[in-house]
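Read through the structure below, which is laid out as structure tokens, and then see the notes.
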Amino acid sequence: MTSTTSTPPRTVPTRRISFDESLRDIPKHFAADGDLILSHIAANLSAVFPDGEDFFVRSVRHFRDQVADPELKRQVAGFIGQEAIHGREHRAFNDHLQRLGYPTKRVERFTKWGLETRERLLPPISNLAATAALEHFTATLAELLLSDEETRRLFGAPEVRNLFLWHALEESEHKAVAFDVYQAMGGSERLRTLTMNLLTVGFLGGMTVQVALSMLGDRDTYRPRALVKSLRRLRRSPIVSKELWDRLRDYNRKGFHPDDRDTSELIERWRRELFGGQGILNERLVTREPATAPAA
């Protein structure tokens, strides 16, 4: 049992939402101006989300009964609810992407196998450290998307952009939950930073290979003009900027905490824009049975 901590209050709501119908008619190259590489990057990110989110849920839920702080326990419940719905919605999106020719189902299977193998071989605290590190990746990308108009424009198709905006908002809302559970369980700084270093190489290297393989199956990759144009756009993109890299590497700073970057105003802005009185995603909210998190 952990000692009682003092977790800052945070609102981590579970929003039951569905994008399934709205994503059925997106074009294959849905990114801005039909961009080839950015479409494959977004598709392959989506492909790793469902089983990645399931892994996050299992990693945090393993320690839920050991969390003594009632505020953190409440946030864990919100975290589990949000991540379960993220996985569901991205799995539905991946079904559409598969029909468009992206290898999303193959990536899902590989991701599931890799994470389940990790869980069999490594102790729960190591998997929690991996979740905290990967949550820093998603929170950093989420902040970029929510704060930068150019990044939002790169997603092209409005409904794809809306899917990622909703996901980004909720990643920002719960960005510190897994980290706080890790600290409450006595996770060490050494394991925390070692895990991040290994995952940085593994995740970025794996995504690069994954996107390259995905593109090899796309006939537009073999059109030199389209490929060169796309490469030039990627090089200028905020998603490969030094600023973004520096934010990711800040995780290794001694005493780091996700709340060191105050995104509260950004969160409030997007709560209003997406789910306020005139929120653009209110019509996507649904009343259905509560989302169930993946079984442990």
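Letters A, B, ... go to the chains of the structure tokens in the order shown; residues in each chain start at 1; ligands are counted from 1 in the same order.
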- Message: Using only C-alpha atoms, which protein or nucleic acid residues come within 7 Å of range 208-218 of chain A? Drop anything in the same chain fewer than 3 positions from it, and give the result as an MDAnalysis selection string.
- Response: chainID A and resid 40:41 44 102:103 204:205 221
- Message: I'd like the neighbourhood of range 272-285 of chain A as a PyMOL selection string, where a residue qualifies if any of its atoms comes within 6 Å (using only C-alpha atoms), though same-chain residues fewer than 4 positions away should be ignored.
- Response: chain A and resi 16-18
- Please identify all polymer residues within 8 Å of range 75-79 of chain A, counting only C-alpha atoms, omitting same-chain residues fewer than 6 positions from it, and present them as a list in words.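 Listing them by chain and then by number gives Arg10, Thr11, Val12, Pro13, Thr14, Val57, Val60, Arg61, Arg64, His174, Val177 and Ala178 of chain A.
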Could you write those residues out with C-alpha atoms, as an mmCIF file, in the first residue's frame?
```
data_model
loop_
_atom_site.group_PDB
_atom_site.id
_atom_site.type_symbol
_atom_site.label_atom_id
_atom_site.label_comp_id
_atom_site.auth_asym_id
_atom_site.auth_seq_id
_atom_site.Cartn_x
_atom_site.Cartn_y
_atom_site.Cartn_z
ATOM 1 C CA ARG A 10 -7.548 17.400 -12.166
ATOM 2 C CA THR A 11 -10.662 16.844 -14.231
ATOM 3 C CA VAL A 12 -10.349 13.620 -16.237
ATOM 4 C CA PRO A 13 -13.811 12.997 -17.723
ATOM 5 C CA THR A 14 -14.793 9.939 -19.732
ATOM 6 C CA VAL A 57 -4.694 0.646 -18.991
ATOM 7 C CA VAL A 60 -1.870 1.495 -14.457
ATOM 8 C CA ARG A 61 -4.728 -0.713 -13.352
ATOM 9 C CA ARG A 64 -4.878 0.844 -8.759
ATOM 10 C CA HIS A 174 -4.572 12.930 -17.991
ATOM 11 C CA VAL A 177 -1.752 10.288 -14.089
ATOM 12 C CA ALA A 178 0.514 7.373 -15.040
#
```
- Message: Please report the interatomic distance between CA of Arg74 in chain A and CA of Glu170 in chain A in Å with one decimal.
- Response: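 Interatomic distance here is 15.3 Å.
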- Query: Of the candidates A:Gly87, A:His257, A:Gly81, A:Ile267, which shows the shortest atom-to-atom distance to Ala142 in chain A, using only C-alpha atoms?
  - Reply: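 Of A:Gly87, A:His257, A:Gly81, A:Ile267, the one nearest Ala142 in chain A, counting only C-alpha atoms, is A:Ile267.
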- Give the answer as one residue: which of A:Leu134, A:Leu169, A:Ile85, A:Val107 has the shortest atom-to-atom distance to Glu265 in chain A, using only C-alpha atoms?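 Answer, going by the shortest atom-to-atom distance: A:Leu169.
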- DSSP-assigned alpha helix (DSSP H) members of range 238-275 of chain A, reported as a list in words: Lys242, Glu243, Leu244, Trp245, Asp246, Arg247, Leu248, Arg249, Ser264, Glu265, Leu266, Ile267, Glu268, Arg269, Trp270, Arg271, Arg272, Glu273, Leu274 and Phe275 of chain A
- Task: Name the residues in contact with Leu163 in chain A at a cut-off of 9 Å, using only C-alpha atoms, excluding same-chain residues fewer than 3 positions from it; report them as a list in words.
- Result: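 After dropping sequence-adjacent residues, the list is Phe19, Glu89, His90, Pro158, Glu159, Val160, Trp166, His167 and Ala168 of chain A.
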Residues of the last selection are to be written out with C-alpha atoms, as a PDB file, in the first residue's frame.
```
ATOM      1  CA  PHE A  19     -16.373   9.105 -35.016  1.00  0.00           C
ATOM      2  CA  GLU A  89     -12.296   4.854 -31.699  1.00  0.00           C
ATOM      3  CA  HIS A  90      -8.858   4.401 -33.221  1.00  0.00           C
ATOM      4  CA  PRO A 158     -11.697  17.751 -40.949  1.00  0.00           C
ATOM      5  CA  GLU A 159     -12.980  14.560 -39.318  1.00  0.00           C
ATOM      6  CA  VAL A 160      -9.500  13.072 -39.027  1.00  0.00           C
ATOM      7  CA  TRP A 166     -10.321  15.000 -29.151  1.00  0.00           C
ATOM      8  CA  HIS A 167      -7.574  12.500 -28.434  1.00  0.00           C
ATOM      9  CA  ALA A 168      -5.068  15.307 -27.848  1.00  0.00           C
TER      10      ALA A 168
END
```
- Item | Close residues, Leu244 in chain A itself excluded, 12 Å, only C-alpha atoms, min 6 positions apart in chain, as an MDAnalysis selection string | chainID A and resid 136:145 148 151 237:238 250
- Task: Please measure the separation of CA of Ile125 in chain A and CA of Gly187 in chain A, giving the value in Å to one decimal.
- Result: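 The value is 6.8 Å.
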